[in-house]
file final-v3.txt (compact mmCIF, C-alpha atoms)
# COMPACT_ATOMS: atom_id res chain seq x y z
CA MET I 1 189.71 -76.00 -49.52
CA ILE I 2 188.38 -78.92 -47.43
CA LYS I 3 187.82 -76.53 -44.51
CA LYS I 4 185.93 -74.14 -46.80
CA ILE I 5 183.76 -77.03 -48.05
CA LEU I 6 183.03 -78.20 -44.49
CA ASP I 7 182.21 -74.61 -43.46
CA LEU I 8 179.90 -74.25 -46.46
CA GLN I 9 178.24 -77.56 -45.67
CA ARG I 10 177.58 -76.31 -42.12
CA GLN I 11 176.43 -72.86 -43.22
CA LEU I 12 174.62 -73.49 -46.49
CA GLY I 13 173.87 -77.19 -46.71
CA ILE I 14 175.29 -80.17 -48.49
CA VAL I 15 174.08 -79.32 -52.03
CA ASN I 16 175.81 -75.94 -52.13
CA ALA I 17 178.97 -77.43 -50.61
CA ILE I 18 179.06 -80.14 -53.30
CA LEU I 19 178.51 -77.58 -56.08
CA PHE I 20 181.28 -75.43 -54.63
CA ALA I 21 183.64 -78.42 -54.54
CA ILE I 22 182.78 -79.39 -58.12
CA ASN I 23 183.39 -75.83 -59.29
CA ARG I 24 186.77 -75.70 -57.53
CA ILE I 25 187.87 -78.99 -59.08
CA LEU I 26 186.66 -77.94 -62.55
CA THR I 27 188.62 -74.70 -62.43
CA LEU I 28 191.79 -76.80 -62.09
CA LEU I 29 191.14 -78.47 -65.45
CA PRO I 30 192.87 -77.10 -68.54
CA PHE I 31 189.61 -76.06 -70.24
CA SER I 32 186.94 -73.51 -69.40
CA PHE I 33 184.43 -75.27 -67.15
CA LYS I 34 182.56 -73.76 -64.23
CA VAL I 35 179.49 -74.27 -62.06
CA ILE I 36 177.81 -71.26 -60.54
CA LYS I 37 174.75 -71.08 -58.34
CA PHE I 38 172.87 -67.86 -57.67
CA TYR I 39 170.10 -67.15 -55.22
CA PHE I 40 167.73 -64.40 -56.29
CA ALA I 41 166.93 -62.05 -53.44
CA ALA I 42 164.33 -59.32 -53.02
CA GLN I 43 165.05 -56.57 -50.53
CA LYS I 44 162.20 -54.28 -49.46
CA LEU I 45 163.45 -50.73 -49.34
CA SER I 46 162.85 -48.77 -46.21
CA ASN I 47 163.16 -45.13 -45.28
CA GLN I 48 164.29 -46.25 -41.84
CA SER I 49 168.01 -45.65 -41.74
CA LEU I 50 170.29 -48.65 -41.08
CA LEU I 51 172.96 -46.29 -39.81
CA PRO I 52 172.58 -44.44 -36.51
CA ASN I 53 172.55 -40.64 -36.95
CA ASN I 54 175.92 -40.17 -35.28
CA ARG I 55 177.77 -42.38 -37.77
CA GLY I 56 179.01 -41.97 -41.33
CA LYS I 57 179.24 -38.17 -41.18
CA ASN I 58 182.49 -38.16 -43.18
CA ILE I 59 181.00 -40.28 -45.94
CA ALA I 60 179.52 -38.61 -49.01
CA ILE I 61 177.58 -40.43 -51.74
CA ILE I 62 177.49 -39.11 -55.28
CA GLU I 63 176.25 -40.38 -58.61
CA VAL I 64 179.08 -40.80 -61.10
CA ALA I 65 178.20 -39.93 -64.67
CA ARG I 66 179.30 -42.09 -67.58
CA THR I 67 181.34 -39.17 -68.87
CA GLU I 68 183.68 -39.38 -65.85
CA LYS I 69 187.19 -39.86 -67.28
CA HIS I 70 188.63 -41.92 -64.45
CA HIS I 71 185.75 -43.98 -63.14
CA PRO I 72 186.43 -44.98 -59.52
CA CYS I 73 184.68 -48.39 -59.76
CA PRO I 74 187.49 -50.98 -59.93
CA ARG I 75 186.21 -52.81 -63.00
CA PRO I 76 187.52 -52.92 -66.59
CA ILE I 77 186.46 -49.89 -68.61
CA GLU I 78 184.57 -52.03 -71.15
CA VAL I 79 182.48 -53.55 -68.32
CA ILE I 80 181.70 -50.08 -66.96
CA GLU I 81 180.80 -48.78 -70.42
CA ASP I 82 178.49 -51.74 -70.99
CA ARG I 83 176.71 -51.06 -67.69
CA TYR I 84 176.07 -47.44 -68.65
CA TYR I 85 175.02 -48.56 -72.12
CA GLN I 86 172.39 -50.76 -70.46
CA GLY I 87 171.16 -47.75 -68.46
CA ALA I 88 172.69 -48.48 -65.07
CA ILE I 89 173.30 -45.87 -62.36
CA CYS I 90 176.49 -45.90 -60.27
CA LEU I 91 176.53 -44.40 -56.77
CA VAL I 92 179.95 -43.89 -55.24
CA ALA I 93 180.94 -43.45 -51.58
CA TYR I 94 183.81 -41.21 -50.55
CA ASN I 95 185.19 -41.25 -47.04
CA ASN I 96 186.31 -37.61 -46.85
CA THR I 97 187.82 -37.55 -50.36
CA GLU I 98 188.92 -41.18 -50.53
CA PHE I 99 187.02 -43.63 -52.74
CA SER I 100 185.55 -46.22 -50.40
CA GLY I 101 182.89 -48.09 -52.33
CA CYS I 102 180.20 -48.11 -54.97
CA LEU I 103 176.89 -49.66 -55.88
CA TRP I 104 175.16 -50.11 -59.22
CA TYR I 105 171.46 -50.39 -59.97
CA ILE I 106 169.34 -50.57 -63.06
CA LYS I 107 165.65 -50.49 -63.92
CA ASP I 108 163.71 -52.78 -66.29
CA ARG I 109 166.44 -55.30 -67.18
CA TYR I 110 170.06 -56.27 -66.67
CA LYS I 111 172.28 -58.49 -68.82
CA GLU I 112 174.46 -60.41 -66.40
CA ASP I 113 178.20 -60.49 -67.12
CA GLU I 114 179.33 -63.46 -64.99
CA VAL I 115 177.05 -65.94 -66.75
CA ASN I 116 174.98 -65.62 -69.91
CA CYS I 117 171.49 -64.61 -68.79
CA LEU I 118 169.12 -61.67 -68.66
CA PHE I 119 167.20 -60.45 -65.63
CA GLU I 120 163.96 -58.66 -66.38
CA LEU I 121 161.92 -56.72 -63.86
CA PRO I 122 158.31 -56.54 -65.03
CA GLU I 123 157.23 -54.62 -61.91
CA LYS I 124 157.93 -50.88 -62.15
CA ASP I 125 158.48 -50.61 -58.40
CA SER I 126 161.60 -52.83 -58.56
CA VAL I 127 165.23 -52.22 -59.48
CA TRP I 128 168.14 -54.61 -59.89
CA ASP I 129 171.19 -53.87 -57.75
CA PHE I 130 174.57 -55.38 -58.54
CA ASP I 131 178.29 -55.18 -57.90
CA VAL I 132 178.03 -53.65 -54.44
CA TYR I 133 181.70 -53.03 -53.75
CA VAL I 134 183.43 -51.73 -50.62
CA GLU I 135 187.19 -51.18 -50.48
CA PRO I 136 188.79 -53.76 -48.15
CA LYS I 137 189.95 -51.19 -45.60
CA PHE I 138 186.36 -49.87 -45.27
CA ARG I 139 184.60 -53.26 -45.06
CA LEU I 140 183.80 -52.87 -41.35
CA SER I 141 183.16 -49.14 -41.54
CA PRO I 142 179.69 -47.61 -42.04
CA VAL I 143 180.37 -47.14 -45.80
CA PHE I 144 178.06 -49.93 -46.96
CA LEU I 145 175.24 -48.88 -44.63
CA LYS I 146 175.51 -45.24 -45.73
CA LEU I 147 175.53 -46.30 -49.38
CA TRP I 148 172.46 -48.48 -48.87
CA ASP I 149 170.56 -45.84 -46.87
CA TYR I 150 171.24 -43.26 -49.58
CA THR I 151 170.18 -45.65 -52.36
CA SER I 152 166.99 -46.67 -50.54
CA ASP I 153 166.05 -43.06 -49.91
CA ARG I 154 166.68 -42.12 -53.53
CA LEU I 155 164.76 -45.07 -54.95
CA LEU I 156 161.79 -44.60 -52.64
CA LYS I 157 161.52 -41.02 -53.90
CA GLU I 158 161.33 -42.50 -57.41
CA ASP I 159 158.50 -44.78 -56.22
CA CYS I 160 160.67 -47.92 -56.25
CA HIS I 161 160.07 -50.14 -53.23
CA TRP I 162 162.09 -53.28 -53.94
CA SER I 163 165.65 -53.99 -54.93
CA LEU I 164 166.33 -57.40 -56.44
CA SER I 165 169.75 -58.98 -56.85
CA ARG I 166 171.57 -62.25 -57.20
CA ILE I 167 173.84 -63.67 -54.52
CA SER I 168 176.41 -66.40 -55.02
CA ALA I 169 175.38 -69.55 -53.15
CA PHE I 170 179.07 -69.99 -52.31
CA ASN I 171 179.23 -66.72 -50.38
CA PRO I 172 177.67 -67.32 -46.94
CA ASN I 173 178.71 -63.88 -45.67
CA SER I 174 176.73 -62.14 -48.39
CA LEU I 175 173.75 -64.42 -47.83
CA PHE I 176 173.75 -63.74 -44.09
CA SER I 177 174.10 -59.99 -44.67
CA HIS I 178 171.15 -59.96 -47.05
CA LYS I 179 169.03 -62.00 -44.64
CA ARG I 180 169.94 -59.73 -41.73
CA MET I 181 168.66 -56.79 -43.76
CA GLY I 182 165.39 -58.63 -44.34
CA ALA I 183 165.96 -59.87 -47.90
CA VAL I 184 163.71 -62.66 -49.10
CA ILE I 185 165.03 -65.44 -51.36
CA ILE I 186 162.70 -65.67 -54.37
CA GLY I 187 164.51 -68.31 -56.40
CA TRP I 188 167.76 -69.94 -57.44
CA ALA I 189 169.56 -70.95 -60.60
CA VAL I 190 172.54 -73.19 -61.34
CA PHE I 191 174.67 -72.49 -64.41
CA ILE I 192 176.95 -75.20 -65.79
CA CYS I 193 179.29 -73.61 -68.31
CA LEU I 194 181.61 -75.55 -70.59
CA GLY I 195 183.29 -73.30 -73.11
CA GLY I 196 180.48 -71.72 -75.13
CA ILE I 197 177.85 -74.17 -73.87
CA GLN I 198 175.73 -73.23 -70.88
CA VAL I 199 173.15 -75.40 -69.14
CA THR I 200 170.83 -73.59 -66.75
CA ILE I 201 168.64 -75.26 -64.14
CA ALA I 202 166.43 -73.07 -61.96
CA ASN I 203 163.43 -73.23 -59.67
CA VAL I 204 161.91 -70.21 -61.42
CA SER I 205 160.94 -69.74 -65.06
CA PRO I 206 162.41 -70.71 -67.53
CA PHE I 207 163.47 -73.62 -65.20
CA PHE I 208 165.74 -75.21 -67.81
CA HIS I 209 167.73 -73.78 -70.70
CA VAL I 210 170.61 -74.89 -72.89
CA SER I 211 172.55 -72.42 -74.97
CA PHE I 212 175.23 -73.14 -77.54
CA ARG I 213 175.93 -69.53 -78.51
CA LYS I 214 176.13 -66.15 -76.83
CA ALA I 215 172.95 -64.85 -78.45
CA SER I 216 170.92 -67.55 -76.71
CA PHE I 217 170.35 -67.11 -72.98
CA PRO I 218 167.70 -67.70 -70.32
CA ILE I 219 165.53 -64.74 -69.32
CA PHE I 220 164.49 -64.57 -65.69
CA ARG I 221 161.46 -62.36 -65.12
CA LEU I 222 161.73 -61.69 -61.43
CA LYS I 223 159.12 -60.09 -59.22
CA PRO I 224 159.19 -59.16 -55.56
CA PRO I 225 157.18 -61.43 -53.24
CA GLU I 226 153.41 -60.82 -53.07
CA MET J 227 179.09 -59.12 -14.65
CA SER J 228 182.70 -58.90 -15.90
CA THR J 229 183.60 -57.11 -19.13
CA GLN J 230 184.12 -60.50 -20.77
CA GLU J 231 180.67 -61.79 -19.77
CA ASN J 232 179.07 -58.50 -20.79
CA VAL J 233 180.75 -58.34 -24.20
CA ILE J 234 179.89 -61.99 -24.93
CA SER J 235 176.30 -61.38 -23.91
CA ILE J 236 176.10 -58.38 -26.29
CA LEU J 237 177.64 -60.41 -29.14
CA VAL J 238 175.16 -63.25 -28.62
CA ASP J 239 172.20 -60.84 -28.57
CA VAL J 240 173.27 -58.68 -31.51
CA LEU J 241 174.42 -61.52 -33.77
CA GLN J 242 171.53 -63.77 -32.68
CA LEU J 243 173.95 -66.64 -32.29
CA ASN J 244 172.57 -70.10 -31.71
CA SER J 245 173.13 -71.65 -28.30
CA ASN J 246 175.97 -73.94 -29.45
CA VAL J 247 178.00 -71.05 -30.89
CA ALA J 248 177.09 -68.85 -27.90
CA LYS J 249 178.40 -71.45 -25.43
CA SER J 250 181.66 -71.80 -27.36
CA LEU J 251 182.52 -68.08 -27.20
CA ALA J 252 185.68 -67.53 -25.16
CA PHE J 253 188.47 -64.95 -24.94
CA ASP J 254 190.40 -66.42 -27.88
CA THR J 255 187.40 -67.19 -30.14
CA PRO J 256 187.94 -65.63 -33.59
CA LEU J 257 185.19 -63.28 -34.74
CA LEU J 258 186.03 -61.89 -38.18
CA GLY J 259 186.16 -64.56 -40.84
CA SER J 260 184.77 -67.28 -38.63
CA ILE J 261 181.33 -65.93 -37.75
CA PRO J 262 179.52 -65.15 -41.03
CA GLU J 263 177.02 -62.94 -39.21
CA PHE J 264 179.85 -60.53 -38.45
CA ASP J 265 179.46 -57.86 -41.13
CA SER J 266 179.52 -54.05 -41.14
CA MET J 267 175.93 -53.94 -39.89
CA ALA J 268 176.86 -56.19 -36.98
CA VAL J 269 179.86 -53.99 -36.20
CA VAL J 270 177.72 -50.84 -36.00
CA THR J 271 175.12 -52.63 -33.88
CA VAL J 272 177.74 -54.11 -31.51
CA LEU J 273 179.43 -50.71 -31.12
CA THR J 274 176.10 -48.97 -30.47
CA ALA J 275 175.25 -51.60 -27.83
CA LEU J 276 178.68 -51.17 -26.18
CA GLU J 277 178.33 -47.37 -26.23
CA GLU J 278 174.93 -47.64 -24.52
CA GLU J 279 176.21 -50.16 -22.00
CA TYR J 280 179.41 -48.36 -21.03
CA GLY J 281 178.71 -44.72 -21.92
CA PHE J 282 181.77 -44.15 -24.09
CA PHE J 283 181.79 -43.04 -27.73
CA VAL J 284 183.56 -44.79 -30.61
CA ASP J 285 184.46 -42.59 -33.57
CA ASP J 286 184.10 -44.04 -37.11
CA ASP J 287 187.85 -43.59 -37.60
CA GLU J 288 188.55 -45.87 -34.63
CA ILE J 289 186.78 -48.82 -36.28
CA ASP J 290 189.48 -51.25 -37.29
CA ALA J 291 189.51 -54.94 -38.21
CA GLU J 292 192.02 -55.63 -35.42
CA ILE J 293 189.40 -54.76 -32.80
CA PHE J 294 187.16 -57.55 -34.06
CA GLU J 295 189.76 -60.25 -34.61
CA THR J 296 188.73 -62.20 -31.52
CA VAL J 297 186.43 -61.86 -28.53
CA GLY J 298 189.58 -60.98 -26.56
CA THR J 299 190.62 -58.10 -28.82
CA LEU J 300 187.12 -56.65 -28.52
CA ILE J 301 187.25 -56.96 -24.72
CA SER J 302 190.68 -55.27 -24.70
CA PHE J 303 189.24 -52.44 -26.83
CA VAL J 304 186.38 -51.97 -24.35
CA ASP J 305 188.79 -52.03 -21.38
CA ASN J 306 190.99 -49.48 -23.15
CA LYS J 307 188.03 -47.16 -23.83
CA LEU J 308 186.91 -47.49 -20.21
CA SER J 309 190.37 -46.62 -18.91
CA MET J 310 190.40 -43.47 -21.07
CA SER J 311 186.96 -42.26 -20.00
call {"tool": "encode", "arguments": {"input": "final-v3.txt", "output": "structure tokens"}}
result
Amino acid sequence: MIKKILDLQRQLGIVNAILFAINRILTLLPFSFKVIKFYFAAQKLSNQSLLPNNRGKNIAIIEVARTEKHHPCPRPIEVIEDRYYQGAICLVAYNNTEFSGCLWYIKDRYKEDEVNCLFELPEKDSVWDFDVYVEPKFRLSPVFLKLWDYTSDRLLKEDCHWSLSRISAFNPNSLFSHKRMGAVIIGWAVFICLGGIQVTIANVSPFFHVSFRKASFPIFRLKPPE
Amino acid sequence: MSTQENVISILVDVLQLNSNVAKSLAFDTPLLGSIPEFDSMAVVTVLTALEEEYGFFVDDDEIDAEIFETVGTLISFVDNKLSMS
């Protein structure tokens, strides 16, 4: 854990390293207490393929309908049902016939499931992408790039030009990957959760929020950069 | 330039490593898990650069985490491809 903290301090700065350490210590306590920090990122979609033409030929991307009996996304069925209920779309990658990854996106708004908050997208040319998952054995393969190229192409045809998402501040790999693809950080929020109480501090509206019940949560209205 | 120097030079260029990290790259330097810039996009870009440099072709099915464990395993992979071509 100390190595991870030192690595985070080097990669992401002292504040994120301290928050990570606090969160790790809190999870050891016998009651539900956690600290989470998200960066909000905006990725401009491009019709320029990330994947060279000669790669990813065995990978097919399909949209999986909510009626699919055995959904390939490795999440609890109630989580998947809630995503479809909210209006999300799930795109799934198959390497030949083997499930290799998936990506979710949604228009207008998304109710987050890791902390209690709502993301709203007032701009019609933006979507919210979340839970981009690649099976461990395909993490270095072109699966992610093929999935992203397909999604970008599809969204651009629907006149969407930006994909917004949240990235854990404790995940330097994800942050670097987003930055390499040209993502712009448009804000951050820290969530301090103790049982049913949640304190939110952010550098974007609503900046500060305290909730004592599930029905009360901060709403982040996020827009792509000007 | 030796294969080692060439491969390191490609890694530094593709991953845009800062000069301190670049200087520290040696045969036994770990890549996966220790260099955060090393993701699937980096893998594709490194392989494309190696293909252009050496004229061999790497199939998607050949891409394996073991190749990118260290600088040395990547050099061995390149040497192996060169010996087959």
call {"tool": "closest_atom_pairs", "arguments": {"input": "final-v3.txt", "of": "chain J", "to": "chain I", "cutoff": "6 Å", "atoms": "all atoms listed in the file", "output": "Markdown table"}}
result
| residue | atom | partner | partner_atom | distance |
| --- | --- | --- | --- | --- |
| J:Pro262 | CA | I:Asn173 | CA | 4.9 |
| J:Glu263 | CA | I:Phe176 | CA | 5.9 |
| J:Ser266 | CA | I:Leu140 | CA | 4.4 |
call {"tool": "atom_distance", "arguments": {"input": "final-v3.txt", "atom1": "CA of Ser165 in chain I", "atom2": "CA of Ile261 in chain J"}}
result
23.4 Å
call {"tool": "axis_aligned_box", "arguments": {"input": "final-v3.txt", "around": "range 132-146 of chain I", "padding_each_side": "8 Å", "output": "AutoDock Vina command-line options"}}
result
--center_x 182.6 --center_y -49.5 --center_z -47.9 --size_x 30.7 --size_y 24.5 --size_z 29.1
call {"tool": "atom_distance", "arguments": {"input": "final-v3.txt", "atom1": "CA of Arg166 in chain I", "atom2": "CA of Ile219 in chain I"}}
result
13.8 Å
call {"tool": "residues_around", "arguments": {"input": "final-v3.txt", "residues": "range 31-46 of chain I", "least_positions_apart": "3", "cutoff": "8 Å", "atoms": "all atoms listed in the file", "output": "short mmCIF file (atom, residue, chain, number, x, y, z; two decimals) with C-alpha atoms, in the frame of the given file"}}
result
data_model
loop_
_atom_site.label_atom_id
_atom_site.label_comp_id
_atom_site.auth_asym_id
_atom_site.auth_seq_id
_atom_site.Cartn_x
_atom_site.Cartn_y
_atom_site.Cartn_z
CA ASN I 16 175.81 -75.94 -52.13
CA LEU I 19 178.51 -77.58 -56.08
CA PHE I 20 181.28 -75.43 -54.63
CA ILE I 22 182.78 -79.39 -58.12
CA ASN I 23 183.39 -75.83 -59.29
CA LEU I 26 186.66 -77.94 -62.55
CA THR I 27 188.62 -74.70 -62.43
CA SER I 49 168.01 -45.65 -41.74
CA SER I 152 166.99 -46.67 -50.54
CA ASP I 153 166.05 -43.06 -49.91
CA LEU I 156 161.79 -44.60 -52.64
CA CYS I 160 160.67 -47.92 -56.25
CA HIS I 161 160.07 -50.14 -53.23
CA TRP I 162 162.09 -53.28 -53.94
CA SER I 163 165.65 -53.99 -54.93
CA LEU I 164 166.33 -57.40 -56.44
CA SER I 165 169.75 -58.98 -56.85
CA ARG I 166 171.57 -62.25 -57.20
CA ILE I 167 173.84 -63.67 -54.52
CA SER I 168 176.41 -66.40 -55.02
CA ALA I 169 175.38 -69.55 -53.15
CA PHE I 170 179.07 -69.99 -52.31
CA HIS I 178 171.15 -59.96 -47.05
CA MET I 181 168.66 -56.79 -43.76
CA GLY I 182 165.39 -58.63 -44.34
CA ALA I 183 165.96 -59.87 -47.90
CA VAL I 184 163.71 -62.66 -49.10
CA ILE I 185 165.03 -65.44 -51.36
CA ILE I 186 162.70 -65.67 -54.37
CA GLY I 187 164.51 -68.31 -56.40
CA TRP I 188 167.76 -69.94 -57.44
CA ALA I 189 169.56 -70.95 -60.60
CA VAL I 190 172.54 -73.19 -61.34
CA PHE I 191 174.67 -72.49 -64.41
CA ILE I 192 176.95 -75.20 -65.79
CA CYS I 193 179.29 -73.61 -68.31
CA LEU I 194 181.61 -75.55 -70.59
CA GLY I 195 183.29 -73.30 -73.11
CA PRO I 224 159.19 -59.16 -55.56
CA PRO I 225 157.18 -61.43 -53.24
#
call {"tool": "residues_around", "arguments": {"input": "final-v3.txt", "residues": "range 228-233 of chain J", "least_positions_apart": "5", "cutoff": "10 Å", "atoms": "all atoms listed in the file", "output": "PDB file with C-alpha atoms, in the coordinates of the input"}}
result
ATOM      1  CA  VAL J 238     175.160 -63.250 -28.620  1.00  0.00           C
ATOM      2  CA  ASP J 239     172.200 -60.840 -28.570  1.00  0.00           C
ATOM      3  CA  LEU J 251     182.520 -68.080 -27.200  1.00  0.00           C
ATOM      4  CA  ALA J 252     185.680 -67.530 -25.160  1.00  0.00           C
ATOM      5  CA  PHE J 253     188.470 -64.950 -24.940  1.00  0.00           C
ATOM      6  CA  VAL J 272     177.740 -54.110 -31.510  1.00  0.00           C
ATOM      7  CA  ALA J 275     175.250 -51.600 -27.830  1.00  0.00           C
ATOM      8  CA  LEU J 276     178.680 -51.170 -26.180  1.00  0.00           C
ATOM      9  CA  GLU J 279     176.210 -50.160 -22.000  1.00  0.00           C
ATOM     10  CA  TYR J 280     179.410 -48.360 -21.030  1.00  0.00           C
ATOM     11  CA  VAL J 297     186.430 -61.860 -28.530  1.00  0.00           C
ATOM     12  CA  GLY J 298     189.580 -60.980 -26.560  1.00  0.00           C
ATOM     13  CA  LEU J 300     187.120 -56.650 -28.520  1.00  0.00           C
ATOM     14  CA  ILE J 301     187.250 -56.960 -24.720  1.00  0.00           C
ATOM     15  CA  SER J 302     190.680 -55.270 -24.700  1.00  0.00           C
ATOM     16  CA  VAL J 304     186.380 -51.970 -24.350  1.00  0.00           C
ATOM     17  CA  ASP J 305     188.790 -52.030 -21.380  1.00  0.00           C
TER      18      ASP J 305
END
call {"tool": "atom_distance", "arguments": {"input": "final-v3.txt", "atom1": "CA of Lys307 in chain J", "atom2": "CA of Thr97 in chain I"}}
result
28.2 Å
call {"tool": "residues_around", "arguments": {"input": "final-v3.txt", "residues": "Lys214 in chain I", "least_positions_apart": "6", "cutoff": "10 Å", "atoms": "only C-alpha atoms", "output": "JSON, numbers by chain"}}
result
{"I": [116, 117, 196, 197, 198]}
call {"tool": "residues_near_point", "arguments": {"input": "final-v3.txt", "point": "(157.8, -64.1, -65.8)", "cutoff": "8 Å", "atoms": "all atoms listed in the file", "output": "list in words"}}
result
Pro122, Ser205, Phe220, Arg221, Leu222 and Lys223 of chain I
call {"tool": "residues_around", "arguments": {"input": "final-v3.txt", "residues": "Leu258 in chain J", "least_positions_apart": "5", "cutoff": "8 Å", "atoms": "all atoms listed in the file", "output": "list in words"}}
result
Phe264, Ala291, Phe294, Glu295 and Thr296 of chain J
call {"tool": "write_last_selection", "arguments": {"input": "final-v3.txt", "atoms": "C-alpha atoms", "output": "PDB file, in the frame of the given file"}}
result
ATOM      1  CA  PHE J 264     179.850 -60.530 -38.450  1.00  0.00           C
ATOM      2  CA  ALA J 291     189.510 -54.940 -38.210  1.00  0.00           C
ATOM      3  CA  PHE J 294     187.160 -57.550 -34.060  1.00  0.00           C
ATOM      4  CA  GLU J 295     189.760 -60.250 -34.610  1.00  0.00           C
ATOM      5  CA  THR J 296     188.730 -62.200 -31.520  1.00  0.00           C
TER       6      THR J 296
END
